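Source file: target.tsv; contents: TSV, C-alpha atoms.
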chain	number	residue	atom	x	y	z
H	23	MET	CA	19.57	1.17	-3.53
H	24	LEU	CA	16.52	1.51	-5.82
H	25	ARG	CA	14.23	-1.38	-6.67
H	26	LEU	CA	13.83	-2.52	-10.28
H	27	ASP	CA	10.46	-4.22	-9.76
H	28	GLY	CA	7.50	-4.40	-7.37
H	29	ASP	CA	7.57	-3.75	-3.63
H	30	LEU	CA	8.02	-6.53	-1.08
H	31	SER	CA	5.38	-6.73	1.63
H	32	ALA	CA	6.55	-7.30	5.20
H	33	ASP	CA	4.44	-10.44	5.60
H	34	ASP	CA	5.51	-12.15	2.38
H	35	SER	CA	7.25	-15.11	4.05
H	36	LYS	CA	7.42	-17.24	0.91
H	37	ILE	CA	9.09	-14.53	-1.22
H	38	LYS	CA	7.25	-15.48	-4.41
H	39	ARG	CA	7.29	-12.93	-7.20
H	40	LYS	CA	7.86	-12.68	-10.90
H	41	PRO	CA	11.39	-11.35	-11.43
H	42	ALA	CA	12.00	-8.33	-13.63
H	43	TRP	CA	12.93	-9.31	-17.20
H	44	HIS	CA	16.35	-8.50	-18.57
H	45	PRO	CA	17.69	-9.25	-22.10
H	46	LEU	CA	20.68	-11.11	-20.68
H	47	ARG	CA	18.49	-13.37	-18.56
H	48	SER	CA	17.17	-16.74	-19.66
H	49	GLY	CA	18.96	-18.59	-22.48
H	50	TYR	CA	21.79	-16.23	-23.37
H	51	VAL	CA	23.41	-16.20	-19.92
H	52	ARG	CA	23.86	-19.99	-20.02
H	53	ASP	CA	26.31	-19.61	-22.90
H	54	MET	CA	28.53	-17.10	-21.09
H	55	PRO	CA	32.05	-18.18	-20.07
H	56	PRO	CA	32.31	-18.71	-16.27
H	57	GLU	CA	34.41	-15.57	-15.70
H	58	ALA	CA	31.69	-13.39	-17.28
H	59	LYS	CA	28.72	-14.73	-15.35
H	60	GLN	CA	27.10	-12.39	-12.84
H	61	ILE	CA	26.68	-15.10	-10.19
H	62	VAL	CA	29.63	-16.81	-8.48
H	63	LEU	CA	28.99	-19.64	-6.03
H	64	ILE	CA	31.90	-20.88	-3.90
H	65	HIS	CA	31.53	-23.90	-1.61
H	66	GLY	CA	33.56	-26.71	-0.04
H	67	ASN	CA	34.73	-28.14	3.26
H	68	ASP	CA	37.97	-26.13	3.20
H	69	GLU	CA	36.62	-22.99	4.85
H	70	PHE	CA	39.90	-21.06	4.60
H	71	GLN	CA	40.21	-21.60	0.85
H	72	VAL	CA	36.55	-20.67	0.36
H	73	GLU	CA	37.13	-17.45	2.28
H	74	GLN	CA	40.33	-16.61	0.38
H	75	GLU	CA	38.74	-17.31	-3.01
H	76	SER	CA	35.69	-15.21	-2.09
H	77	ARG	CA	37.86	-12.19	-1.29
H	78	ALA	CA	39.88	-12.70	-4.48
H	79	VAL	CA	36.66	-12.76	-6.54
H	80	LEU	CA	35.49	-9.52	-4.92
H	81	GLU	CA	38.77	-7.82	-5.79
H	82	GLU	CA	38.62	-9.08	-9.38
H	83	ARG	CA	34.95	-8.54	-10.18
H	84	CYS	CA	33.78	-5.58	-8.08
H	85	ALA	CA	36.78	-3.74	-6.64
H	86	GLU	CA	35.17	-0.37	-7.40
H	87	ALA	CA	31.96	-1.24	-5.57
H	88	LYS	CA	33.97	-2.49	-2.63
H	89	ALA	CA	36.12	0.66	-2.54
H	90	ASN	CA	33.23	3.15	-2.64
H	91	GLY	CA	31.07	1.28	-0.14
H	92	ALA	CA	28.58	-0.03	-2.71
H	93	LEU	CA	29.19	-3.68	-1.80
H	94	HIS	CA	26.18	-5.07	0.06
H	95	THR	CA	27.43	-7.78	2.45
H	96	LEU	CA	24.91	-10.09	4.11
H	97	GLU	CA	25.86	-12.51	6.88
H	98	GLY	CA	24.57	-15.89	5.75
H	99	ASP	CA	25.41	-17.85	8.90
H	100	VAL	CA	21.84	-18.11	10.23
H	101	ASP	CA	20.65	-20.62	12.82
H	102	THR	CA	16.92	-20.00	12.99
H	103	ILE	CA	14.11	-20.37	10.46
H	104	ASP	CA	13.03	-16.73	10.87
H	105	ALA	CA	16.59	-15.50	10.29
H	106	ALA	CA	16.90	-17.65	7.15
H	107	LEU	CA	13.61	-16.34	5.74
H	108	GLU	CA	14.60	-12.75	6.50
H	109	LEU	CA	17.99	-13.26	4.81
H	110	LEU	CA	16.36	-14.67	1.67
H	111	LYS	CA	13.98	-11.70	1.51
H	112	GLU	CA	16.86	-9.30	1.84
H	113	VAL	CA	19.05	-10.90	-0.82
H	114	MET	CA	16.19	-11.16	-3.31
H	115	THR	CA	15.53	-7.48	-2.80
H	116	ALA	CA	19.22	-6.69	-3.24
H	117	VAL	CA	19.68	-8.53	-6.54
H	118	GLN	CA	16.64	-6.78	-8.04
H	119	SER	CA	17.85	-3.28	-7.19
H	120	PHE	CA	20.46	-0.96	-8.63
H	121	ASN	CA	22.99	1.28	-6.94
H	122	MET	CA	23.04	5.02	-7.57
H	123	PHE	CA	26.71	5.30	-6.67
H	124	SER	CA	28.22	2.41	-8.62
H	125	PRO	CA	27.70	0.92	-12.11
H	126	VAL	CA	27.59	-2.53	-10.47
H	127	ASN	CA	25.17	-3.47	-7.71
H	128	ALA	CA	27.32	-6.05	-5.86
H	129	THR	CA	25.91	-8.39	-3.22
H	130	TRP	CA	27.90	-10.86	-1.13
H	131	ILE	CA	26.12	-13.52	0.94
H	132	LYS	CA	28.89	-14.50	3.34
H	133	GLU	CA	29.29	-17.94	4.98
H	134	SER	CA	25.81	-19.09	4.00
H	135	THR	CA	24.30	-21.96	5.98
H	136	PHE	CA	20.68	-21.83	4.84
H	137	LEU	CA	21.48	-24.37	2.08
H	138	THR	CA	23.41	-26.83	4.24
H	139	GLY	CA	22.41	-26.23	7.86
H	140	ALA	CA	19.55	-27.47	9.99
H	141	VAL	CA	17.26	-24.56	9.00
H	142	PHE	CA	17.08	-25.94	5.45
H	143	LYS	CA	14.90	-28.77	6.78
H	144	SER	CA	12.10	-26.25	7.30
H	145	GLN	CA	9.42	-26.40	4.59
H	146	ASP	CA	9.10	-22.61	4.63
H	147	VAL	CA	12.82	-22.22	4.05
H	148	LYS	CA	12.76	-24.80	1.24
H	149	GLU	CA	9.96	-22.92	-0.51
H	150	SER	CA	11.80	-19.64	-0.14
H	151	VAL	CA	14.97	-21.22	-1.55
H	152	GLU	CA	12.91	-22.46	-4.51
H	153	SER	CA	11.80	-18.88	-5.20
H	154	PHE	CA	15.38	-17.66	-4.85
H	155	GLN	CA	16.55	-20.43	-7.18
H	156	GLU	CA	13.88	-19.54	-9.75
H	157	LEU	CA	15.01	-15.93	-9.76
H	158	LEU	CA	18.70	-16.77	-10.15
H	159	THR	CA	18.28	-19.39	-12.88
H	160	GLN	CA	16.85	-16.69	-15.14
H	161	GLY	CA	20.17	-14.90	-14.83
H	162	LEU	CA	21.19	-11.47	-13.55
H	163	GLY	CA	21.82	-8.47	-15.74
H	164	PRO	CA	25.16	-6.69	-16.25
H	165	GLU	CA	24.34	-4.16	-13.50
H	166	GLN	CA	24.18	-7.00	-10.94
H	167	PHE	CA	26.79	-9.18	-9.31
H	168	LEU	CA	26.09	-11.85	-6.68
H	169	LEU	CA	28.74	-13.76	-4.75
H	170	LEU	CA	27.39	-16.66	-2.72
H	171	SER	CA	29.89	-18.20	-0.27
H	172	ILE	CA	28.67	-21.47	1.23
H	173	LYS	CA	29.80	-22.68	4.63
H	174	GLY	CA	30.39	-26.34	3.84
H	175	LYS	CA	30.08	-28.46	0.74
H	176	LEU	CA	26.87	-28.68	-1.25
H	177	ALA	CA	25.90	-32.26	-2.04
H	178	ALA	CA	26.12	-33.27	-5.69
H	179	SER	CA	22.43	-34.19	-5.44
H	180	SER	CA	21.45	-30.66	-4.31
H	181	ARG	CA	18.63	-29.32	-6.49
H	182	PHE	CA	19.87	-25.79	-5.91
H	183	LEU	CA	23.39	-26.67	-7.07
H	184	LYS	CA	22.15	-28.49	-10.17
H	185	ALA	CA	19.96	-25.56	-11.15
H	186	ILE	CA	22.47	-22.80	-10.40
H	187	LYS	CA	25.26	-24.46	-12.40
H	188	GLN	CA	23.47	-23.36	-15.57
H	189	VAL	CA	23.87	-19.66	-14.84
H	190	ALA	CA	26.66	-19.39	-12.26
H	191	ASP	CA	30.42	-19.80	-12.02
H	192	VAL	CA	30.59	-22.60	-9.44
H	193	ARG	CA	33.89	-23.21	-7.64
H	194	GLU	CA	34.54	-25.92	-5.09
H	195	PHE	CA	37.34	-26.09	-2.51
H	196	SER	CA	37.18	-29.37	-0.65
H	197	LYS	CA	39.72	-31.59	1.02
H	198	SER	CA	39.67	-35.33	0.57
H	199	SER	CA	38.37	-37.55	3.35
H	200	LYS	CA	41.00	-40.19	2.52
H	201	PRO	CA	44.21	-39.77	4.59
H	202	TRP	CA	46.62	-40.69	1.79
H	203	GLU	CA	44.96	-38.24	-0.63
H	204	LEU	CA	44.88	-35.56	2.07
H	205	GLU	CA	48.65	-35.90	2.54
H	206	LYS	CA	49.20	-35.37	-1.18
H	207	GLU	CA	46.93	-32.31	-1.18
H	208	THR	CA	48.77	-30.82	1.80
H	209	LEU	CA	52.16	-31.38	0.15
H	210	ALA	CA	50.91	-29.78	-3.07
H	211	GLN	CA	49.62	-26.77	-1.13
H	212	VAL	CA	52.96	-26.36	0.66
H	213	GLN	CA	54.88	-26.65	-2.62
H	214	MET	CA	52.65	-24.04	-4.25
H	215	GLY	CA	52.90	-21.72	-1.22
H	216	LEU	CA	56.70	-21.92	-1.15
H	217	LYS	CA	56.94	-21.39	-4.91
H	218	SER	CA	54.73	-18.30	-4.77
H	219	ARG	CA	57.14	-16.83	-2.23
H	220	GLY	CA	60.22	-17.72	-4.27
H	221	ILE	CA	61.39	-20.24	-1.63
H	222	SER	CA	63.00	-23.54	-2.56
H	223	GLY	CA	64.58	-26.48	-0.75
H	224	PRO	CA	65.34	-30.20	-0.96
H	225	ALA	CA	62.32	-32.50	-1.38
H	226	ARG	CA	62.78	-34.04	2.08
H	227	VAL	CA	62.77	-30.58	3.68
H	228	VAL	CA	59.55	-29.60	1.87
H	229	GLU	CA	57.98	-32.89	2.96
H	230	GLU	CA	58.97	-32.12	6.57
H	231	VAL	CA	57.26	-28.73	6.28
H	232	ALA	CA	54.05	-30.45	5.13
H	233	ALA	CA	54.26	-33.09	7.85
H	234	ARG	CA	54.67	-30.49	10.60
H	235	ILE	CA	51.95	-28.15	9.34
H	236	GLY	CA	49.24	-30.77	8.99
H	237	THR	CA	46.08	-30.49	6.91
H	238	ASP	CA	44.70	-27.13	8.07
H	239	SER	CA	44.86	-24.66	5.15
H	240	ARG	CA	44.76	-21.60	7.38
H	241	ARG	CA	47.66	-22.85	9.48
H	242	CYS	CA	49.58	-23.70	6.30
H	243	GLU	CA	49.32	-20.10	5.12
H	244	GLN	CA	50.29	-18.71	8.53
H	245	GLU	CA	53.31	-20.98	8.95
H	246	LEU	CA	54.62	-20.34	5.43
H	247	GLU	CA	54.30	-16.60	6.00
H	248	LYS	CA	56.21	-16.92	9.27
H	249	LEU	CA	58.89	-19.01	7.55
H	250	ASP	CA	59.17	-16.45	4.76
H	251	LEU	CA	59.72	-13.59	7.21
H	252	SER	CA	62.31	-15.53	9.22
H	253	LEU	CA	64.38	-16.30	6.12
H	254	GLY	CA	64.77	-12.62	5.25
H	255	ASP	CA	66.59	-12.29	1.92
H	256	ARG	CA	67.58	-15.95	1.93
H	257	ARG	CA	65.39	-18.09	-0.34
H	258	GLU	CA	66.72	-21.59	0.38
H	259	ILE	CA	65.25	-23.45	3.36
H	260	THR	CA	67.07	-26.05	5.40
H	261	LEU	CA	65.88	-28.69	7.84
H	262	ARG	CA	67.15	-26.52	10.71
H	263	ASP	CA	64.92	-23.64	9.52
H	264	VAL	CA	61.91	-25.95	9.60
H	265	GLU	CA	62.74	-27.34	13.04
H	266	ASP	CA	63.27	-23.85	14.46
H	267	MET	CA	60.24	-22.16	12.90
H	268	ILE	CA	57.48	-24.76	12.52
H	269	SER	CA	56.18	-26.81	15.41
H	270	ALA	CA	54.55	-30.17	14.81
H	271	GLN	CA	50.75	-29.88	14.72
H	272	ALA	CA	50.06	-31.31	18.19
H	273	GLU	CA	52.94	-29.34	19.71
H	274	SER	CA	51.65	-26.20	18.01
H	275	GLN	CA	48.28	-26.59	19.77
H	276	ILE	CA	50.06	-26.90	23.12
H	277	PHE	CA	51.98	-23.69	22.31
H	278	GLN	CA	48.62	-22.08	21.52
H	279	LEU	CA	47.42	-23.20	24.95
H	280	ALA	CA	50.42	-21.50	26.55
H	281	ASP	CA	49.75	-18.35	24.51
H	282	CYS	CA	46.10	-18.28	25.61
H	283	LEU	CA	47.16	-18.72	29.22
H	284	ALA	CA	49.54	-15.79	28.81
H	285	SER	CA	46.64	-13.78	27.37
H	286	LYS	CA	44.50	-14.79	30.39
H	287	ASP	CA	41.83	-16.15	28.03
H	288	LEU	CA	40.11	-18.79	30.17
H	289	ASN	CA	37.48	-19.87	27.63
H	290	ARG	CA	40.03	-20.38	24.87
H	291	CYS	CA	42.33	-22.29	27.25
H	292	MET	CA	39.56	-24.69	28.17
H	293	ASP	CA	38.51	-25.17	24.53
H	294	LEU	CA	42.07	-25.97	23.44
H	295	LEU	CA	42.63	-28.34	26.35
H	296	ALA	CA	39.39	-30.17	25.53
H	297	ARG	CA	40.50	-30.47	21.90
H	298	LEU	CA	43.89	-31.86	22.92
H	299	GLU	CA	42.18	-34.34	25.22
H	300	THR	CA	39.83	-35.46	22.42
H	301	GLN	CA	42.81	-35.94	20.10
H	302	GLY	CA	44.46	-38.20	22.68
H	303	ALA	CA	47.34	-35.84	23.46
H	304	SER	CA	49.60	-36.86	26.32
H	305	ALA	CA	48.88	-34.89	29.49
H	306	ILE	CA	52.58	-35.19	30.39
H	307	ALA	CA	53.55	-33.60	27.05
H	308	VAL	CA	50.99	-30.84	27.59
H	309	ILE	CA	52.16	-29.91	31.10
H	310	ALA	CA	55.83	-30.22	30.13
H	311	THR	CA	55.44	-27.81	27.19
H	312	LEU	CA	53.23	-25.51	29.26
H	313	HIS	CA	55.73	-25.43	32.14
H	314	ASN	CA	58.65	-24.77	29.78
H	315	SER	CA	56.81	-21.88	28.13
H	316	ILE	CA	55.96	-20.36	31.52
H	317	ARG	CA	59.54	-20.81	32.72
H	318	GLU	CA	60.93	-19.13	29.59
H	319	MET	CA	58.44	-16.27	29.94
H	320	ALA	CA	59.47	-15.80	33.58
H	321	TYR	CA	63.16	-15.72	32.64
H	322	LEU	CA	62.57	-13.17	29.89
H	323	ARG	CA	60.38	-11.08	32.22
H	324	GLY	CA	63.28	-10.89	34.65
H	325	LEU	CA	65.64	-9.83	31.84
H	326	LEU	CA	63.20	-7.11	30.78
H	327	ALA	CA	62.97	-5.88	34.37
H	328	ARG	CA	66.73	-5.41	34.57
H	329	GLN	CA	66.92	-4.12	30.97
H	330	ALA	CA	69.16	-6.96	29.78
H	331	ILE	CA	66.91	-7.24	26.71
H	332	ARG	CA	64.57	-4.90	24.88
H	333	LEU	CA	61.75	-5.35	22.38
H	334	GLU	CA	61.34	-3.58	19.07
H	335	GLY	CA	58.38	-3.70	16.69
H	336	GLN	CA	55.14	-5.64	16.86
H	337	GLY	CA	53.82	-9.02	15.73
H	338	ARG	CA	55.77	-10.98	13.16
H	339	PHE	CA	58.05	-8.03	12.50
H	340	GLY	CA	59.02	-7.68	16.16
H	341	LYS	CA	62.55	-8.29	17.40
H	342	LEU	CA	64.11	-9.19	20.72
H	343	ILE	CA	67.39	-7.35	21.17
H	344	TRP	CA	69.98	-8.85	23.55
H	345	VAL	CA	71.54	-5.91	25.41
H	346	GLU	CA	73.73	-8.21	27.53
H	347	SER	CA	75.50	-11.05	25.73
H	348	GLU	CA	75.79	-12.98	29.01
H	349	ALA	CA	72.00	-12.96	29.30
H	350	LYS	CA	71.69	-14.61	25.90
H	351	GLU	CA	74.22	-17.28	26.86
H	352	ASP	CA	72.45	-17.97	30.18
H	353	PHE	CA	69.09	-18.26	28.43
H	354	GLN	CA	70.50	-20.74	25.91
H	355	ARG	CA	71.97	-22.82	28.75
H	356	MET	CA	68.51	-22.97	30.30
H	357	LEU	CA	67.06	-24.21	26.97
H	358	GLY	CA	69.73	-26.90	26.69
H	359	ASP	CA	69.71	-28.50	23.26
H	360	LYS	CA	66.41	-26.83	22.29
H	361	SER	CA	66.19	-23.67	20.22
H	362	ARG	CA	63.63	-20.89	19.89
H	363	SER	CA	62.97	-18.88	16.75
H	364	PRO	CA	63.42	-15.08	16.95
H	365	PHE	CA	59.66	-14.75	16.41
H	366	ARG	CA	58.89	-17.08	19.35
H	367	LEU	CA	61.36	-15.30	21.62
H	368	HIS	CA	59.80	-11.92	20.87
H	369	GLN	CA	56.32	-13.38	21.40
H	370	LEU	CA	57.21	-14.91	24.80
H	371	ALA	CA	58.88	-11.72	26.01
H	372	ARG	CA	55.96	-9.58	24.85
H	373	GLN	CA	53.48	-11.89	26.62
H	374	SER	CA	55.51	-11.82	29.83
H	375	MET	CA	54.98	-8.06	30.09
H	376	ALA	CA	51.34	-8.72	31.05
H	377	PHE	CA	52.59	-10.08	34.40
H	378	SER	CA	54.74	-8.82	37.22
H	379	VAL	CA	57.96	-10.63	38.13
H	380	SER	CA	56.34	-12.01	41.29
H	381	GLN	CA	53.31	-13.25	39.34
H	382	MET	CA	55.57	-15.05	36.88
H	383	ASP	CA	57.41	-16.63	39.81
H	384	ARG	CA	54.12	-17.96	41.24
H	385	MET	CA	53.14	-19.31	37.81
H	386	VAL	CA	56.44	-21.22	37.53
H	387	ARG	CA	55.99	-22.76	40.97
H	388	ALA	CA	52.37	-23.70	40.24
H	389	SER	CA	53.22	-25.38	36.92
H	390	SER	CA	56.16	-27.21	38.51
H	391	GLU	CA	53.88	-28.53	41.27
H	392	THR	CA	51.32	-29.66	38.70
H	393	TYR	CA	53.99	-31.52	36.76
H	394	ALA	CA	55.11	-33.31	39.93
H	395	GLY	CA	51.47	-34.12	40.78
H	396	MET	CA	51.08	-35.99	37.50
H	397	PHE	CA	53.05	-38.88	39.03
H	398	ARG	CA	51.58	-38.98	42.55
H	399	SER	CA	48.00	-37.65	42.48
H	400	ARG	CA	44.96	-39.83	41.77
H	401	LEU	CA	43.20	-36.90	40.12
H	402	PRO	CA	42.94	-37.33	36.31
H	403	GLN	CA	45.94	-35.67	34.69
H	404	MET	CA	43.98	-33.37	32.37
H	405	GLU	CA	41.91	-32.23	35.36
H	406	GLN	CA	45.12	-31.23	37.12
H	407	ILE	CA	46.02	-29.05	34.13
H	408	ARG	CA	42.56	-27.44	34.22
H	409	ILE	CA	43.06	-26.64	37.90
H	410	LEU	CA	46.45	-25.10	37.07
H	411	ILE	CA	44.90	-22.87	34.42
H	412	LEU	CA	42.15	-21.73	36.80
H	413	LYS	CA	44.72	-21.09	39.55
H	414	VAL	CA	47.02	-19.05	37.30
H	415	ILE	CA	44.25	-16.91	35.80
H	416	SER	CA	42.47	-16.35	39.13
H	417	GLN	CA	45.72	-15.20	40.78
H	418	CYS	CA	46.67	-12.88	37.91
H	419	VAL	CA	43.32	-11.34	36.89
H	420	PRO	CA	41.77	-8.85	39.33
H	421	LEU	CA	38.29	-9.91	40.45
H	422	SER	CA	35.51	-7.52	39.44
H	423	ALA	CA	32.48	-6.71	41.55

Could you rewrite the structure in this file as structure tokens?
Amino acid sequence: MLRLDGDLSADDSKIKRKPAWHPLRSGYVRDMPPEAKQIVLIHGNDEFQVEQESRAVLEERCAEAKANGALHTLEGDVDTIDAALELLKEVMTAVQSFNMFSPVNATWIKESTFLTGAVFKSQDVKESVESFQELLTQGLGPEQFLLLSIKGKLAASSRFLKAIKQVADVREFSKSSKPWELEKETLAQVQMGLKSRGISGPARVVEEVAARIGTDSRRCEQELEKLDLSLGDRREITLRDVEDMISAQAESQIFQLADCLASKDLNRCMDLLARLETQGASAIAVIATLHNSIREMAYLRGLLARQAIRLEGQGRFGKLIWVESEAKEDFQRMLGDKSRSPFRLHQLARQSMAFSVSQMDRMVRASSETYAGMFRSRLPQMEQIRILILKVISQCVPLSA
């Protein structure tokens, strides 16, 4: 990139300079419609929606720059004063330069924290932000485009937000802090997501989808995508579809714990278990779901070993093929009145391949013993589950020197 104005000295920590003049800067840019403005600021406490909207804006406003590598992406998640000052220097340089390979010099400050995080308390950072703000409020020319994604919600009293609103397209994606409003927002998001996929169903079924998914926007998108794939050509959902494909939020986190255990990811296992403990999840429910997942994995691993089933495809498009019909019947008898979606079956079988049959057998015995210990040991129940996780991973992961 080539600079449009003066050089920036390495020791200029305050980043104060007179910005280059452009005919579109100053008064005229304030009268532009939002979609034409060269600065887009996206913020809010719904991080998933902020991320999705940011990527949509990039596709709409600077797809060419993104395609030919002319998009300048800066990581805005800084946690030190020096890093924040360096980032501000870099972005101010970027928005006063032009690109030789693209008609638009596009800059994206991704997941910015220097306006909301602890580093903003620094006087040096505040002064640098003032200089940045002064530059932006004079507007950017047609050869420039700046996308500023904020990690978190800017306060309505923010001086930066008040100033930037004059020249920027500001978009907010925040969830309510009031439970009853949050439920309505979640239901509306589910309804919109189903409609966009051409899926319909009775009101009570749609409400059940929302209740099971919870308030996490990212999970909502993932679960609706999974539901869409499981329906195939069918576009009408039933309560049975929802029960088979979407776990309740707490149960889903326990399934995630089982998946992390299958992936031998100790740190993630401990993080999830701590989260479940903080949320007041029942240790009995956790170990019961964990044991059942391990038992099902072990059963499927045995079927794979004797080629009674086979796996085709990967991820959400993967399939478990029952080679022996008797094996399918036996597996269903083991489940009892429960059911497993085709996606979950494929996932469990695929995960089981990371272990030998004997290892799976030891895991089943260990989880069964932990479950029994819940009712006779004086050790805290969640601690017993932590010991189980350590035991399973230590037995199944080779020790390195």

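Using only C-alpha atoms for every distance, the candidate list H:Ile61, H:Met375, H:Glu245, H:Glu194 yields H:Glu194 as the residue closest to Ala178 of chain H.
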
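Candidate residues H:Met404, H:Leu357, H:Val117, H:Ile172 were compared for distance to Arg317 of chain H, and the nearest is H:Leu357, using all atoms listed in the file.
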
Using all atoms listed in the file, which residues sit within 10 Å of Phe377 of chain H once same-chain residues fewer than 5 positions away are excluded, as a PyMOL selection string? chain H and resi 284-285+319-320+323+382-383+385+418-419

Nearest to Leu249 of chain H, restricted to all atoms listed in the file and choosing among H:Gln155, H:Gln336, H:Ser363, H:Asn314, comes out as H:Ser363

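One distance worth recording is that between atom CA of Ser304 of chain H and atom CA of Ile407 of chain H, which is 11.6 Å.
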
Could you name the residues that touch segment 82-87 of chain H at 7 Å or less, counting all atoms listed in the file, but leaving out those on the same chain fewer than 5 positions away, as a VMD selection string? chain H and resid 92 to 93 124 126 128

Mind pulling up the distance from atom CA of Ser274 of chain H to atom CA of Arg241 of chain H? 10.0 Å

Which residues are close to Gln329 of chain H, i.e. within 10 Å by only C-alpha atoms, leaving aside same-chain residues fewer than 5 positions away? Reply as a PDB file with C-alpha atoms, in the coordinates of the input.
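And here is the file that came out, out.pdb:
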ATOM      1  CA  ARG H 323      60.380 -11.080  32.220  1.00  0.00           C
ATOM      2  CA  GLY H 324      63.280 -10.890  34.650  1.00  0.00           C
ATOM      3  CA  TRP H 344      69.980  -8.850  23.550  1.00  0.00           C
ATOM      4  CA  VAL H 345      71.540  -5.910  25.410  1.00  0.00           C
ATOM      5  CA  GLU H 346      73.730  -8.210  27.530  1.00  0.00           C
TER       6      GLU H 346
END

Rounded to one decimal place, report the atom CA of Leu168 of chain H-atom CA of Trp130 of chain H distance in Å.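 Interatomic distance here is 5.9 Å.
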
Find the spatial neighbours of Ala388 of chain H, counting all atoms listed in the file, within a cut-off of 12 Å - ignore same-chain residues fewer than 5 positions away - and output them as a ChimeraX atom specification. /H:309,312-313,316-317,381-383,393-395,406-407,409-415,417

Nearest to Gly174 of chain H: which of H:Gly254, H:Gly161, H:Gly302, H:Gly66 is it, counting all atoms listed in the file?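 For Gly174 of chain H, the nearest of the given residues is H:Gly66.
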
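The nearest approach to Thr392 of chain H among the residues H:Gly335, H:Ser347, H:Ile131, H:Ala305, with only C-alpha atoms taken into account, belongs to H:Ala305.
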
Selection near Arg262 of chain H, 12 Å with all atoms listed in the file, sequence-local residues under 5 positions removed, as a PDB file with C-alpha atoms, in the coordinates of the input:
ATOM      1  CA  GLY H 223      64.580 -26.480  -0.750  1.00  0.00           C
ATOM      2  CA  VAL H 227      62.770 -30.580   3.680  1.00  0.00           C
ATOM      3  CA  GLU H 230      58.970 -32.120   6.570  1.00  0.00           C
ATOM      4  CA  VAL H 231      57.260 -28.730   6.280  1.00  0.00           C
ATOM      5  CA  LEU H 249      58.890 -19.010   7.550  1.00  0.00           C
ATOM      6  CA  LEU H 253      64.380 -16.300   6.120  1.00  0.00           C
ATOM      7  CA  MET H 267      60.240 -22.160  12.900  1.00  0.00           C
ATOM      8  CA  ILE H 268      57.480 -24.760  12.520  1.00  0.00           C
ATOM      9  CA  SER H 269      56.180 -26.810  15.410  1.00  0.00           C
ATOM     10  CA  LYS H 360      66.410 -26.830  22.290  1.00  0.00           C
ATOM     11  CA  SER H 361      66.190 -23.670  20.220  1.00  0.00           C
ATOM     12  CA  ARG H 362      63.630 -20.890  19.890  1.00  0.00           C
ATOM     13  CA  SER H 363      62.970 -18.880  16.750  1.00  0.00           C
TER      14      SER H 363
END
